[in-house]
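To start, the structure under review is shown below, and the notes come after it.
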Amino acid sequence: YEWAEVAELEPAMAAGRAVRVRGAAHAVRALSRLAFLTLRQGSSTVQCVIPAAGGMARFAGGLSRESVVDVAGVVSPPREHVRGATQQVEIQVEKLYCINRATPNLPISVDDAARSDEDVTRAKAAGEQLVHVGQDKRLDNRVIDLRTLANQAIFSIESEVEHIFRNVLRSEGFKSIHTPKLIGGSSEGGAAVFKLDYNGQPACLAQSPQLHKQMAVCGGLQRVYEVGPVFRAESSNTHRHLCEFTGLDMEMAIRESYFEVCDVVDRVFVAIFDHLNKNCAKELEAINRQFPFKPLKYLRKTPRIDYEEGIRMLKEAGVHVEPMGDLNTEAEKKLGELVNAKYDTDFYMLCRYPSAVRPFYTMPCSDDPRYSNSFDVFVRGEEIISGAQRVNEYELLKQQAEARGIDVGSIAAYLESFKNGAPPHGGFGAGLERVVMLFCGLGNIRKTSLFPRDPKRLNP
Ligand code: 4AD
């Protein structure tokens, strides 16, 4: 028998081949004279027909679900349609081995975890009792939960997003860097830091690669990016905040304006969305089946709307907003709807934020320092990216840090590096889990984090 993967068993190449396949016992149906075993590998399944000879069907009937089994046999065209799916091929089993036995009392079943809310509602209406697995129970048993088709697809998509992010930046001359995650102080200002003791010295987990990615550009690396962990000591439980997430960051020397950074956002994210739509249709469909969503609308050139214009649009729509304050979640959502109605896109940039609501390192506009050379990017009315031109003059940078009550001692080395010749530069940071959550219209960021860390969860 030749080792094979379930996904490669297709009729043209496989018929008559003697194969050995390893997978999970997704379902077993034992009849009097034979048994059917659905073998699952990732998001592929194959039906295995097990004859009674030598007690094999009885042995199959005793296999607990999710046990890891090897089947050896001959590939053949299917003799019947398996419930829910048209089988491409079957395996006529000659040998069956149990490699690892799963407990018969699984805390959740893959079928229950794979159920859509609609299925549960429909069943309830029909008087049927279907198990609905809530989010906490799923996450407590994540290793089983991950086996659903939707989850397999979510993490394939996440992997693709990361690859395209890297590929596009690399093709534009960006170097991949790794900045320290143990640092002396808060990199974003604010209190949301995990503090720790670093050999007797106060330290914290990096809230972002912000300071060091800037220093890398000042160190002559010109264009850098990083895909790495970001830690935020979030105190409130929301659908879009994690305590640890994966940052997609970049930083670059700029020539004339921070719009050069916006241009990169455009190229990177339009390439990501195009790639997902073109090459991940199967995965998107699998997600859509369990968690229905509308395809993302985006344009070749992403609209860039001035913050002041955004405020005007919101006011005209009767939303109360402070012109120089930050937008709250509802206002952001509403603006997303207004922009969608005007430009027919779910993806847009809001530029020139008031300086007061941006971090200390943000460059004020030269024509009006109450505003800044900064932007946020939104998908379906929720933020996925924030970016800006940075202050590259020591005095102004120190002044802005002090004005925000930041302990300048904790970022002294960063500040000092701007005395040594620092080019104009800018960059952005996106959250990988947010990108996938919002592209797929998933209502909770825990769905796109492999093992989420939120204010209450440190396990598994
Ligand atoms: O807006 P943030 O805090 O910006 C920065 O970290 C800057 N250093 C970026 C820059 O280069 N100017 O975070 C950037 C992105 C957000 O847009 C969001 O997508 C994500 O990171 N993010 C979170 N994702 C999950 N959980 C959280 N608690 C997040 N906080 C931010």
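Ordering of the structure tokens sets the chain letters (A, B, ...), residue numbers begin anew at 1 in every chain, and ligands are numbered from 1 in the order given.
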
Check: Looking only at the backbone, which of the residues in segment 149-379 of chain A does DSSP tag as helix (DSSP H, G or I), as a PyMOL selection string?
Finding: chain A and resi 149-171+210-221+259-279+281-290+307-316+329-343+355-357

Where does chain A meet ligand 1 within 7 Å, residue by residue, with the nearest atom pair and distance in Å to one decimal for each, counting only C-alpha atoms and all ligand atoms, listed by chain and rising number, as a tab-separated table?
```
residue	atom	partner	partner_atom_place_in_ligand_line	distance
A:Glu188	CA	ligand 1	8 (N)	6.4
A:Gln207	CA	ligand 1	6 (O)	6.9
A:Ser208	CA	ligand 1	6 (O)	5.1
A:Pro209	CA	ligand 1	8 (N)	6.7
A:Gln210	CA	ligand 1	8 (N)	4.6
A:Arg232	CA	ligand 1	28 (N)	5.6
A:Glu234	CA	ligand 1	28 (N)	6.2
A:Arg240	CA	ligand 1	26 (N)	5.9
A:His241	CA	ligand 1	26 (N)	3.5
A:Leu242	CA	ligand 1	26 (N)	3.8
A:Cys243	CA	ligand 1	28 (N)	5.5
A:Glu244	CA	ligand 1	26 (N)	6.7
A:Phe245	CA	ligand 1	25 (C)	5.4
A:Gly247	CA	ligand 1	21 (O)	6.1
A:Asp249	CA	ligand 1	11 (O)	6.1
A:Met250	CA	ligand 1	11 (O)	6.7
A:Glu383	CA	ligand 1	17 (O)	5.3
A:Ile384	CA	ligand 1	19 (O)	3.6
A:Ile385	CA	ligand 1	17 (O)	3.4
A:Ser386	CA	ligand 1	17 (O)	4.8
A:Gly387	CA	ligand 1	12 (N)	3.8
A:Ala388	CA	ligand 1	12 (N)	5.6
A:Gly427	CA	ligand 1	11 (O)	5.0
A:Phe428	CA	ligand 1	11 (O)	3.4
A:Gly429	CA	ligand 1	9 (C)	3.8
A:Ala430	CA	ligand 1	15 (C)	4.0
A:Gly431	CA	ligand 1	19 (O)	3.6
A:Leu432	CA	ligand 1	19 (O)	7.0
A:Glu433	CA	ligand 1	25 (C)	6.6
A:Arg434	CA	ligand 1	19 (O)	5.3
A:Val435	CA	ligand 1	19 (O)	6.9
```

Notebook entry, point to check: Can you tell me, as JSON, numbers by chain, what residues are no more than 8 Å from Lys175 of chain A when counting only C-alpha atoms, ignoring any on the same chain fewer than 4 positions away?
Noted result: {"A": [169, 170, 221, 223, 224, 225]}

Go through segment 80-324 of chain A and collect every residue that DSSP, computed from the backbone, puts in strand (DSSP E); the answer should be as a compact mmCIF listing (two decimals) with N, CA, C and O atoms, in the first residue's frame.
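Writing done, so here's selection-v1.txt:
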```
# COMPACT_ATOMS: atom_id res chain seq x y z
N GLU A 90 -14.24 5.99 -2.99
CA GLU A 90 -14.33 5.25 -1.72
C GLU A 90 -13.05 4.44 -1.57
O GLU A 90 -12.33 4.22 -2.54
N ILE A 91 -12.82 3.99 -0.36
CA ILE A 91 -11.73 3.02 -0.18
C ILE A 91 -12.36 1.70 0.26
O ILE A 91 -13.14 1.67 1.23
N GLN A 92 -12.06 0.65 -0.50
CA GLN A 92 -12.50 -0.70 -0.11
C GLN A 92 -11.43 -1.23 0.83
O GLN A 92 -10.32 -1.57 0.41
N VAL A 93 -11.78 -1.26 2.10
CA VAL A 93 -10.76 -1.49 3.13
C VAL A 93 -10.36 -2.97 3.22
O VAL A 93 -11.21 -3.85 3.20
N GLU A 94 -9.05 -3.19 3.29
CA GLU A 94 -8.53 -4.55 3.48
C GLU A 94 -7.88 -4.70 4.84
O GLU A 94 -7.83 -5.78 5.41
N LYS A 95 -7.35 -3.59 5.36
CA LYS A 95 -6.74 -3.62 6.69
C LYS A 95 -7.14 -2.35 7.44
O LYS A 95 -7.26 -1.28 6.84
N LEU A 96 -7.32 -2.50 8.74
CA LEU A 96 -7.75 -1.36 9.55
C LEU A 96 -6.98 -1.38 10.86
O LEU A 96 -6.92 -2.41 11.54
N TYR A 97 -6.35 -0.26 11.19
CA TYR A 97 -5.59 -0.18 12.44
C TYR A 97 -6.06 1.02 13.24
O TYR A 97 -6.29 2.09 12.69
N CYS A 98 -6.16 0.84 14.54
CA CYS A 98 -6.43 2.00 15.40
C CYS A 98 -5.07 2.47 15.94
O CYS A 98 -4.38 1.72 16.62
N ILE A 99 -4.71 3.69 15.62
CA ILE A 99 -3.39 4.22 15.99
C ILE A 99 -3.44 4.92 17.33
O ILE A 99 -2.50 4.88 18.12
N ASN A 100 -4.55 5.60 17.58
CA ASN A 100 -4.71 6.32 18.85
C ASN A 100 -6.19 6.43 19.17
O ASN A 100 -6.95 7.01 18.40
N LYS A 175 12.34 44.66 4.50
CA LYS A 175 13.05 43.56 5.17
C LYS A 175 12.24 43.11 6.37
O LYS A 175 11.70 43.94 7.11
N SER A 176 12.22 41.79 6.58
CA SER A 176 11.54 41.25 7.76
C SER A 176 12.43 41.45 8.98
O SER A 176 13.61 41.12 8.95
N LEU A 182 10.41 42.11 25.15
CA LEU A 182 10.66 42.53 26.52
C LEU A 182 11.23 43.93 26.43
O LEU A 182 12.32 44.12 25.89
N ILE A 183 10.47 44.92 26.89
CA ILE A 183 10.96 46.29 26.77
C ILE A 183 10.77 47.05 28.08
O ILE A 183 10.06 46.59 28.98
N LYS A 195 3.07 44.26 33.08
CA LYS A 195 4.35 44.58 33.72
C LYS A 195 5.02 43.32 34.21
O LYS A 195 4.36 42.34 34.56
N LEU A 196 6.35 43.35 34.23
CA LEU A 196 7.08 42.20 34.75
C LEU A 196 8.41 42.65 35.31
O LEU A 196 8.81 43.81 35.13
N ASP A 197 9.05 41.71 35.97
CA ASP A 197 10.34 42.00 36.59
C ASP A 197 11.44 41.44 35.69
O ASP A 197 11.46 40.25 35.42
N TYR A 198 12.32 42.29 35.22
CA TYR A 198 13.39 41.86 34.31
C TYR A 198 14.70 41.90 35.08
O TYR A 198 15.39 42.92 35.11
N GLN A 201 14.74 44.73 37.32
CA GLN A 201 14.44 46.00 36.67
C GLN A 201 12.99 45.97 36.20
O GLN A 201 12.56 44.94 35.66
N PRO A 202 12.23 47.07 36.36
CA PRO A 202 10.85 47.03 35.85
C PRO A 202 10.84 46.96 34.32
O PRO A 202 11.63 47.64 33.67
N ALA A 203 9.97 46.13 33.79
CA ALA A 203 9.88 45.97 32.33
C ALA A 203 8.45 45.64 31.96
O ALA A 203 7.58 45.50 32.84
N CYS A 204 8.18 45.51 30.69
CA CYS A 204 6.85 45.08 30.27
C CYS A 204 6.92 44.35 28.94
O CYS A 204 7.93 44.37 28.25
N LEU A 205 5.81 43.68 28.62
CA LEU A 205 5.69 43.01 27.32
C LEU A 205 5.30 44.08 26.29
O LEU A 205 4.43 44.90 26.56
N ARG A 223 13.22 50.21 4.94
CA ARG A 223 11.84 49.67 4.83
C ARG A 223 11.81 48.34 5.57
O ARG A 223 12.52 47.41 5.19
N VAL A 224 11.01 48.27 6.61
CA VAL A 224 10.97 47.04 7.42
C VAL A 224 9.53 46.62 7.69
O VAL A 224 8.61 47.43 7.64
N TYR A 225 9.36 45.32 7.96
CA TYR A 225 8.05 44.85 8.41
C TYR A 225 8.26 43.77 9.46
O TYR A 225 9.34 43.17 9.55
N GLU A 226 7.22 43.56 10.25
CA GLU A 226 7.30 42.51 11.26
C GLU A 226 5.93 41.86 11.42
O GLU A 226 4.90 42.54 11.44
N VAL A 227 5.95 40.54 11.53
CA VAL A 227 4.74 39.81 11.90
C VAL A 227 5.06 39.20 13.26
O VAL A 227 5.97 38.36 13.34
N GLY A 228 4.42 39.65 14.29
CA GLY A 228 4.81 39.15 15.61
C GLY A 228 3.78 39.43 16.68
O GLY A 228 2.80 40.15 16.45
N PRO A 229 4.00 38.85 17.87
CA PRO A 229 3.02 39.01 18.94
C PRO A 229 3.00 40.41 19.54
O PRO A 229 4.03 41.06 19.64
N VAL A 230 1.81 40.85 19.88
CA VAL A 230 1.60 42.16 20.48
C VAL A 230 0.79 41.93 21.75
O VAL A 230 -0.17 41.15 21.73
N PHE A 231 1.19 42.58 22.84
CA PHE A 231 0.53 42.34 24.13
C PHE A 231 -0.18 43.59 24.61
O PHE A 231 0.42 44.66 24.67
N GLU A 244 -3.48 39.31 23.68
CA GLU A 244 -2.32 39.00 22.83
C GLU A 244 -2.85 38.79 21.43
O GLU A 244 -3.80 38.04 21.23
N PHE A 245 -2.26 39.51 20.48
CA PHE A 245 -2.67 39.30 19.10
C PHE A 245 -1.45 39.34 18.20
O PHE A 245 -0.34 39.59 18.68
N THR A 246 -1.65 39.08 16.90
CA THR A 246 -0.53 39.09 15.97
C THR A 246 -0.52 40.40 15.19
O THR A 246 -1.48 40.70 14.48
N GLY A 247 0.54 41.15 15.37
CA GLY A 247 0.64 42.44 14.69
C GLY A 247 1.26 42.27 13.32
O GLY A 247 2.21 41.49 13.12
N LEU A 248 0.66 42.96 12.33
CA LEU A 248 1.25 43.07 10.99
C LEU A 248 1.73 44.51 10.91
O LEU A 248 0.92 45.42 10.72
N ASP A 249 3.02 44.71 11.10
CA ASP A 249 3.55 46.07 11.19
C ASP A 249 4.51 46.37 10.06
O ASP A 249 5.20 45.47 9.57
N MET A 250 4.57 47.61 9.66
CA MET A 250 5.62 48.04 8.73
C MET A 250 6.04 49.46 9.07
O MET A 250 5.31 50.19 9.73
N GLU A 251 7.23 49.81 8.64
CA GLU A 251 7.74 51.17 8.85
C GLU A 251 8.67 51.48 7.68
O GLU A 251 9.40 50.59 7.21
N MET A 252 8.62 52.71 7.18
CA MET A 252 9.43 53.05 6.00
C MET A 252 9.89 54.50 6.02
O MET A 252 9.20 55.37 6.57
N ALA A 253 11.03 54.74 5.42
CA ALA A 253 11.46 56.12 5.19
C ALA A 253 10.54 56.69 4.12
O ALA A 253 10.19 55.99 3.17
N ARG A 304 -9.87 57.94 0.60
CA ARG A 304 -9.21 58.55 1.76
C ARG A 304 -10.03 59.75 2.16
O ARG A 304 -10.13 60.73 1.42
N ILE A 305 -10.63 59.65 3.30
CA ILE A 305 -11.54 60.70 3.74
C ILE A 305 -10.90 61.47 4.89
O ILE A 305 -10.33 60.87 5.81
N ASP A 306 -10.97 62.79 4.81
CA ASP A 306 -10.43 63.62 5.90
C ASP A 306 -11.29 63.46 7.15
O ASP A 306 -12.51 63.36 7.04
```

Note to self: Under the rule that only C-alpha atoms are counted, which of A:Val68, A:Leu299, A:Leu327, A:Cys218 is the nearest residue to Asn420 of chain A?
What the structure shows: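 Among A:Val68, A:Leu299, A:Leu327, A:Cys218, it is A:Cys218 that comes nearest to Asn420 of chain A.
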
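Here the question is which of A:Arg58, A:Lys297, A:Lys181, A:Lys282 gets nearest to Gly336 of chain A using only C-alpha atoms, and that residue is A:Lys297.
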
List as a compact mmCIF listing (two decimals) with C-alpha atoms, in the first residue's frame the protein and nucleic acid residues near Leu296 of chain A, meaning an atom at most 9 Å away when only C-alpha atoms are counted, but skip any in the same chain fewer than 6 places from it.
```txt
# COMPACT_ATOMS: atom_id res chain seq x y z
CA PHE A 273 -8.48 40.67 -0.58
CA THR A 345 -17.09 50.16 -0.36
CA ASP A 346 -16.65 48.43 3.02
CA PHE A 347 -12.96 49.44 3.07
CA VAL A 379 -13.37 47.34 7.29
CA ARG A 380 -17.16 47.17 7.67
CA LEU A 438 -13.73 41.60 9.48
CA PHE A 439 -13.02 40.25 6.02
CA CYS A 440 -15.18 37.24 6.89
CA GLY A 441 -17.75 39.26 8.80
```
